[in-house]
>>> print(open('data_14.pdb').read())   # PDB, C-alpha atoms
ATOM      1  CA  MET A   1     -15.481 -14.511 -23.091
ATOM      2  CA  ASP A   2     -16.585 -12.604 -19.998
ATOM      3  CA  ALA A   3     -14.462  -9.993 -18.191
ATOM      4  CA  LEU A   4     -13.309 -12.465 -15.541
ATOM      5  CA  GLY A   5     -11.898 -14.728 -18.223
ATOM      6  CA  ARG A   6      -9.646 -11.884 -19.419
ATOM      7  CA  ARG A   7      -7.871 -11.395 -16.114
ATOM      8  CA  GLY A   8      -4.185 -10.863 -16.811
ATOM      9  CA  VAL A   9      -0.933  -9.991 -15.110
ATOM     10  CA  ALA A  10      -2.007  -6.414 -14.342
ATOM     11  CA  GLU A  11      -5.200  -7.532 -12.640
ATOM     12  CA  TRP A  12      -3.337 -10.160 -10.603
ATOM     13  CA  LEU A  13      -0.703  -7.635  -9.508
ATOM     14  CA  ILE A  14      -3.230  -5.010  -8.435
ATOM     15  CA  ALA A  15      -5.340  -7.590  -6.587
ATOM     16  CA  SER A  16      -2.180  -8.891  -4.910
ATOM     17  CA  CYS A  17      -1.273  -5.362  -3.837
ATOM     18  CA  GLY A  18      -4.758  -5.079  -2.345
ATOM     19  CA  VAL A  19      -4.167  -8.245  -0.337
ATOM     20  CA  TRP A  20      -0.826  -6.776   0.772
ATOM     21  CA  TYR A  21      -2.629  -3.608   1.924
ATOM     22  CA  ILE A  22      -5.019  -5.758   3.953
ATOM     23  CA  GLY A  23      -2.137  -7.625   5.573
ATOM     24  CA  LEU A  24      -0.275  -4.405   6.347
ATOM     25  CA  GLY A  25      -3.412  -2.918   7.859
ATOM     26  CA  LEU A  26      -3.946  -5.971  10.060
ATOM     27  CA  TYR A  27      -0.303  -5.766  11.161
ATOM     28  CA  PHE A  28      -0.821  -2.117  12.168
ATOM     29  CA  ILE A  29      -4.017  -3.001  14.046
ATOM     30  CA  PHE A  30      -2.875  -6.129  15.861
ATOM     31  CA  ALA A  31       0.906  -6.445  15.907
ATOM     32  CA  ARG A  32       2.802  -3.192  15.323
ATOM     33  CA  PRO A  33       4.445  -1.892  18.470
ATOM     34  CA  ALA A  34       3.844   1.755  19.269
ATOM     35  CA  LEU A  35       7.493   2.582  18.674
ATOM     36  CA  LEU A  36       9.901   0.623  16.539
ATOM     37  CA  PRO A  37      13.645   0.952  17.208
ATOM     38  CA  GLU A  38      13.882   3.111  14.070
ATOM     39  CA  ASP A  39      11.194   5.457  15.470
ATOM     40  CA  VAL A  40      13.171   5.993  18.666
ATOM     41  CA  ARG A  41      16.365   6.457  16.635
ATOM     42  CA  TYR A  42      14.679   9.074  14.411
ATOM     43  CA  ALA A  43      13.259  10.917  17.441
ATOM     44  CA  GLY A  44      16.814  11.372  18.693
ATOM     45  CA  ALA A  45      15.941  10.474  22.265
ATOM     46  CA  GLY A  46      15.962   7.256  24.205
ATOM     47  CA  LEU A  47      12.760   5.368  24.877
ATOM     48  CA  GLN A  48      12.895   6.252  28.575
ATOM     49  CA  ALA A  49      13.278   9.945  27.764
ATOM     50  CA  LEU A  50      10.304   9.824  25.410
ATOM     51  CA  GLU A  51       8.178   8.007  27.989
ATOM     52  CA  SER A  52       9.160  10.490  30.712
ATOM     53  CA  VAL A  53       7.967  13.531  28.732
ATOM     54  CA  ALA A  54       5.018  11.774  27.094
ATOM     55  CA  PRO A  55       3.914   8.914  29.353
ATOM     56  CA  HIS A  56       0.842   8.103  27.244
ATOM     57  CA  LEU A  57       2.612   8.250  23.874
ATOM     58  CA  GLY A  58       2.534   4.484  23.404
ATOM     59  CA  ASP A  59      -1.192   4.249  24.146
ATOM     60  CA  TRP A  60      -1.960   7.138  21.841
ATOM     61  CA  LEU A  61       0.148   5.712  19.012
ATOM     62  CA  GLY A  62      -1.587   2.358  19.454
ATOM     63  CA  LYS A  63      -4.914   4.063  18.796
ATOM     64  CA  VAL A  64      -3.498   6.036  15.849
ATOM     65  CA  PHE A  65      -2.089   2.855  14.299
ATOM     66  CA  THR A  66      -5.392   1.046  14.818
ATOM     67  CA  VAL A  67      -7.209   3.744  12.854
ATOM     68  CA  MET A  68      -4.490   3.870  10.222
ATOM     69  CA  GLY A  69      -4.472   0.077   9.939
ATOM     70  CA  GLY A  70      -8.235   0.070   9.479
ATOM     71  CA  PHE A  71      -7.929   2.543   6.637
ATOM     72  CA  MET A  72      -5.151   0.455   5.060
ATOM     73  CA  ALA A  73      -7.127  -2.766   5.311
ATOM     74  CA  GLY A  74     -10.296  -1.076   4.033
ATOM     75  CA  ALA A  75      -8.436   0.409   1.075
ATOM     76  CA  GLY A  76      -6.939  -3.018   0.461
ATOM     77  CA  VAL A  77     -10.372  -4.586   0.217
ATOM     78  CA  LEU A  78     -11.367  -2.018  -2.402
ATOM     79  CA  VAL A  79      -8.111  -2.391  -4.336
ATOM     80  CA  ALA A  80      -8.277  -6.194  -4.316
ATOM     81  CA  TYR A  81     -11.919  -6.117  -5.397
ATOM     82  CA  PHE A  82     -11.206  -3.615  -8.161
ATOM     83  CA  GLY A  83      -8.235  -5.589  -9.426
ATOM     84  CA  TRP A  84      -9.974  -8.934  -9.275
ATOM     85  CA  THR A  85     -13.402  -8.035 -10.610
ATOM     86  CA  LEU A  86     -13.500  -4.698 -12.415
ATOM     87  CA  MET A  87     -10.174  -4.111 -14.146
ATOM     88  CA  ALA A  88     -10.732  -6.775 -16.794
ATOM     89  CA  SER A  89     -13.783  -4.865 -18.046
ATOM     90  CA  ARG A  90     -11.535  -1.829 -18.691
ATOM     91  CA  PRO A  91     -13.656   0.879 -17.060
ATOM     92  CA  ARG A  92     -12.990   4.374 -18.324
ATOM     93  CA  GLY A  93     -10.481   6.228 -16.140
ATOM     94  CA  ALA A  94      -9.181   3.088 -14.419
ATOM     95  CA  THR A  95      -5.528   3.770 -15.212
ATOM     96  CA  LEU A  96      -5.709   7.334 -13.906
ATOM     97  CA  ALA A  97      -7.554   6.261 -10.755
ATOM     98  CA  LEU A  98      -5.062   3.472 -10.109
ATOM     99  CA  ALA A  99      -2.128   5.829 -10.717
ATOM    100  CA  LEU A 100      -3.509   8.295  -8.171
ATOM    101  CA  VAL A 101      -4.209   5.564  -5.614
ATOM    102  CA  GLY A 102      -0.702   4.170  -6.008
ATOM    103  CA  ALA A 103       0.931   7.599  -5.777
ATOM    104  CA  LEU A 104      -1.045   8.651  -2.697
ATOM    105  CA  THR A 105      -0.506   5.396  -0.844
ATOM    106  CA  LEU A 106       2.391   3.194  -1.901
ATOM    107  CA  VAL A 107       4.724   5.794  -3.411
ATOM    108  CA  LEU A 108       4.149   8.280  -0.588
ATOM    109  CA  MET A 109       4.672   5.586   2.061
ATOM    110  CA  SER A 110       7.874   4.411   0.400
ATOM    111  CA  ALA A 111       9.215   7.961   0.008
ATOM    112  CA  VAL A 112       8.542   8.830   3.651
ATOM    113  CA  ASN A 113      10.211   5.616   4.792
ATOM    114  CA  PHE A 114      13.296   6.588   2.788
ATOM    115  CA  ALA A 115      13.242  10.076   4.325
ATOM    116  CA  LEU A 116      13.048   8.497   7.779
ATOM    117  CA  GLN A 117      15.859   6.054   6.936
ATOM    118  CA  SER A 118      13.495   3.222   7.879
ATOM    119  CA  ASP A 119      14.958  -0.230   8.360
ATOM    120  CA  PHE A 120      12.244  -1.431   5.956
ATOM    121  CA  ARG A 121      12.764   1.162   3.216
ATOM    122  CA  TRP A 122      14.185  -1.215   0.605
ATOM    123  CA  LEU A 123      11.467  -3.777   1.224
ATOM    124  CA  LEU A 124       8.868  -1.031   0.820
ATOM    125  CA  VAL A 125      10.092  -0.354  -2.730
ATOM    126  CA  LEU A 126       8.528  -3.641  -3.872
ATOM    127  CA  PRO A 127       4.794  -2.771  -3.632
ATOM    128  CA  PRO A 128       5.010   0.507  -5.609
ATOM    129  CA  SER A 129       7.236  -1.236  -8.156
ATOM    130  CA  ALA A 130       4.668  -4.012  -8.613
ATOM    131  CA  TRP A 131       1.927  -1.378  -8.827
ATOM    132  CA  ALA A 132       3.821   0.576 -11.507
ATOM    133  CA  ALA A 133       4.486  -2.606 -13.493
ATOM    134  CA  ALA A 134       0.774  -3.446 -13.305
ATOM    135  CA  LEU A 135      -0.198   0.008 -14.568
ATOM    136  CA  VAL A 136       2.219  -0.167 -17.491
ATOM    137  CA  ARG A 137       0.996  -3.637 -18.408
ATOM    138  CA  TYR A 138      -2.665  -2.595 -18.021
ATOM    139  CA  GLU A 139      -2.241   0.464 -20.201
ATOM    140  CA  LEU A 140      -0.384  -1.511 -22.886
ATOM    141  CA  GLN A 141      -3.135  -4.152 -22.895
ATOM    142  CA  SER A 142      -5.790  -1.446 -23.132
ATOM    143  CA  ARG A 143      -4.071   0.159 -26.113
ATOM    144  CA  GLN A 144      -3.641  -3.206 -27.855
ATOM    145  CA  ARG A 145      -7.347  -3.957 -27.436
ATOM    146  CA  GLN A 146      -8.326  -0.544 -28.755
ATOM    147  CA  SER A 147      -6.202  -0.948 -31.864
ATOM    148  CA  ALA A 148      -7.480  -4.484 -32.551
TER     149      ALA A 148
END
>>> encode(input="data_14.pdb", output="structure tokens")
Amino acid sequence: MDALGRRGVAEWLIASCGVWYIGLGLYFIFARPALLPEDVRYAGAGLQALESVAPHLGDWLGKVFTVMGGFMAGAGVLVAYFGWTLMASRPRGATLALALVGALTLVLMSAVNFALQSDFRWLLVLPPSAWAAALVRYELQSRQRQSA
């Protein structure tokens, strides 16, 4: 059986997280407003006050979010590809690499959203939870195959 025929829950979860990254990146590029109500609330000033002291803030943030969204979507393509095509072949170091990617992206994003008291903080617990479940499952499968 080839590697693609051995795709399991872990591979599906990681690939799905990659697709989620792509969607989040596209949202940041095309749909995210420069300032969400929670951003204004965290800043501690009204929107008019922010615009009066920084009249180009919205334009600048739009550019920042476009770049950030591009990085998210690009990372998502790599994650989805890795999960869908490479994980089943059990490349050496995959678990460590995936753990670092998840920690530096999903876990960090979720933690910052909790620190900011984001309206979306509880929803943003789901992707790192799915990622962690995939890593546990992947590592258990790897160990079972090694002992067989």
>>> atom_distance(input="data_14.pdb", atom1="CA of Ala34 (chain A)", atom2="CA of Thr105 (chain A)")
20.9 Å
>>> resolve_selection(input="data_14.pdb", expression="the PyMOL selection byres ((chain A and resi 106-112) around 9)", output="PyMOL selection string")
chain A and resi 101-105+113-118+121-125+127-129+131
>>> closest_residue(input="data_14.pdb", among="A:Asp39, A:Ala88, A:Leu26, A:Leu47", to="Phe120 (chain A)", atoms="all atoms listed in the file")
A:Asp39
>>> atom_distance(input="data_14.pdb", atom1="CA of Val53 (chain A)", atom2="CA of Phe65 (chain A)")
20.6 Å
>>> resolve_selection(input="data_14.pdb", expression="the PyMOL selection byres ((chain A and resi 16-21) around 12)", output="PyMOL selection string")
chain A and resi 9-15+22-28+68-84+98+101-102+105-106+109+124+126-134
>>> axis_aligned_box(input="data_14.pdb", around="region 124-134 of chain A", padding_each_side="5 Å", output="AutoDock Vina command-line options")
--center_x 5.4 --center_y -1.7 --center_z -6.3 --size_x 19.3 --size_y 14.6 --size_z 24.3
>>> closest_residue(input="data_14.pdb", among="A:Arg90, A:Val40, A:Thr95, A:Arg143", to="Arg7 (chain A)", atoms="all atoms listed in the file")
A:Arg90
